[in-house]
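A quick write-up on the structure given underneath.
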Amino acid sequence: MGCSKWRAGFNFGHLKVQSKLSVFLTMIILFTYLFYCLNGFCESLPPPVYDQQTSNLLTKILLDVGQDASQHAYKNDFLASASAGDDQLTELDDVDSVLQKLSNELPSESNMSVANSFGSKKFPQAIIIGVKKGGTRALLEFLRIHPDVRAVGAEPHFFDRFYDKGLEWYRSLMPRTLEGQITMEKTPSYFITKEAPRRLFSMSRHTKLIVVVRNPVTRAVSDYTQTLTKSPGLPSFQSLAFRNASSTVDTAWSAVRIGIYTKHLENWLRYFPLSRFLFVSGERLVMDPAGEMGRVQDFLGLKRVVTDKHFYFNQTKGFPCLKKPEGSSRPRCLGKSKGRPHPRIPAEVLLRLRDFYRPFNLKFYQMTGHNFGWD
């Protein structure tokens with residue numbers, strides 16, 4: 001009886017020893033395996049097989065992730081500027097335009113020119129530099145119909161607000177273009193920014209410059225109307241246009257100052273010859289969009305693709321709209337902020353402003369060699 005108990009205890013203890021030994025050996029094997037793996041010896045398993053195209057795509061995704069943090073601050077500044085821009089579309093375009101806007105507004109992962117099927121990023125060969133409330137958004141949207149034009153959707157404001165970001169940052173905002181296509185952007189405030197001509201000239205003296213101009217009195221009222229929608233408590237137009245309720249025009253008010261086109265043009269002509277400029281009539285862009293677009297395409301060295309077949313006049317908005325593209329359910333018009341009704345301004349106020357602008361307009365006609373018929 002006693003021997004049996006002793007034998008059973010011995011067998012139980014023996015099992016405990018065997019169990020501990022097994023655990024010990026297993027741990028040794030695991031640690032050895034981990035040691036060899038950490039030192040790069042565990043490559044016996046075959047790696048996944050990718051074709052070259054898939055490998056390149058994965059590399060690009062990894063680069064995107066790596067670059068995202070470094071460009072996050074730049075992207076925030078750029079998108080904040082876009083949301084505060086003067087001229088934005090509020091209606092959806094066709095799918096291609098939406099994708100283009102998304103790709104344009106986010107800085108890309110690289111500033112290098114990449115020779116692939118998507119083209120390369122280049123500095124713009126043509127820029128719409130002005131003027132605010134002149135018709136710059138309409139012109140850009142009309143130009144984007146052309147297959148050889150690729151344009152940034154939002155206003156970069158590089159040469160007036162974000163110049164300290166550097167030229168490579170600016171180029172990263174540009175869409176990719178193929179051989180034979182041109183890159184464009186528009187920022188109307190460039191025209192009135194004193195430093196913009198020098199900065200742009202230092203980038204390229206060959207850039208083509210487009211200025212959309214409009215009767216400065218009508219432009220000032222349109223400018224005021226836009227501000228009024230954002231600030232309903234704004235003082236009256238006449239109280240802002242004239243100093244202390246006098247007959248003296250207040251040129252410090254931006255709505256008035258922008259319309260003195262000669263002053264701003266003189267600053268630009270210090271760096272660029274007149275041959276680098278095209279002055280587009282904002283009035284003609286509304287009344288005869290195809291004719292004015294013909295001039296623009298000629299200036300840019302493009303084939304006249306955008307013609308009268310692309311436009312129809314929207315009686316409700318008072319603006320030309322683009323006929324609906326194939327596959328789209330509706331035509332493309334500028335957003336609701338375009339063509340908004342102007343507040344009623346006393347006739348004598350408008351007359352005094354016309355008298356103020358007249359000598360500047362005549363000089364502008366002489367400088368440009370083009371009579372815009374505002375007087």
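Ligands are numbered from 1 in the order shown, chains are lettered A, B, ... in the order of the structure tokens, and residues start at 1 in each chain.
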Write out as JSON lines a residue-level contact list of stretch 249-275 of chain A versus stretch 208-225 of chain A with cut-off 8 Å: for each qualifying residue the closest pair of atoms and the distance in Å to one decimal, counting only C-alpha atoms, rows sorted by chain and residue number upward.
{"residue": "A:Ala255", "atom": "CA", "partner": "A:Ala220", "partner_atom": "CA", "distance": 4.9}
{"residue": "A:Val256", "atom": "CA", "partner": "A:Ala220", "partner_atom": "CA", "distance": 5.9}
{"residue": "A:Ile258", "atom": "CA", "partner": "A:Pro216", "partner_atom": "CA", "distance": 8.0}
{"residue": "A:Gly259", "atom": "CA", "partner": "A:Pro216", "partner_atom": "CA", "distance": 4.6}
{"residue": "A:Ile260", "atom": "CA", "partner": "A:Pro216", "partner_atom": "CA", "distance": 7.5}
Generate the output file for the selected residues, C-alpha atoms, as a PDB file, in the first residue's frame.
ATOM      1  CA  ALA A 255     -13.253  98.855 -54.617  1.00  0.00           C
ATOM      2  CA  VAL A 256     -12.272 102.216 -56.117  1.00  0.00           C
ATOM      3  CA  ILE A 258      -8.621  98.498 -58.220  1.00  0.00           C
ATOM      4  CA  GLY A 259     -10.341 100.319 -61.106  1.00  0.00           C
ATOM      5  CA  ILE A 260      -7.433 102.731 -61.645  1.00  0.00           C
TER       6      ILE A 260
END
As a PyMOL selection string, please: all residues of stretch 134-313 of chain A that backbone DSSP puts in helix (DSSP H, G or I).
chain A and resi 136-143+163-165+167-172+188-192+196-203+216-230+237-241+243-245+254-257+261-269+274-276+282-287+289-299+308-310
Tell me which of A:Leu25, A:Ile128, A:Val152, A:Ile145 sits closest to A:Val306, counting only C-alpha atoms.
A:Ile145
From stretch 133-214 of chain A, collect each residue whose DSSP state is strand (DSSP E or B) and return the set as a ChimeraX atom specification.
/A:149-151,176-177,182-186,208-213
If I take atom CA of A:Ile345 and atom CA of A:Thr136, how far is one from the other in Å, to one decimal?
24.4 Å
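For the set A:Ser275, A:Gln366, A:Leu30, A:Val349, the residue with the smallest atom-to-atom gap to A:Ser239 is A:Val349, counting only C-alpha atoms.
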Which is closest to A:Asp160 among A:Ser172, A:Thr183, A:Ser189, A:Thr251, if we use only C-alpha atoms?
A:Ser189
Given only C-alpha atoms as the basis, pick out the residue of A:Phe31, A:Trp169, A:Phe142, A:Phe279 nearest to A:Asp308.
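Result for the nearest residue to A:Asp308: A:Phe142.
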In terms of the shortest atom-to-atom distance over only C-alpha atoms, which of A:Lys317, A:Val249, A:Thr307, A:Phe372 is closest to A:Leu351?
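Going through A:Lys317, A:Val249, A:Thr307, A:Phe372 one by one, the smallest distance to A:Leu351 is for A:Val249.
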Minimum-distance residue to A:Tyr261, chosen among A:Leu178, A:Met367, A:Ala154, A:Val149 (using only C-alpha atoms):
A:Met367
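Taking only C-alpha atoms, the non-local environment of A:Arg171 within 7 Å (same-chain residues fewer than 2 positions away omitted) comprises A:Asn111, A:Lys121, A:Lys122, A:Phe123, A:Leu167, A:Glu168, A:Trp169, A:Leu173, A:Met174.
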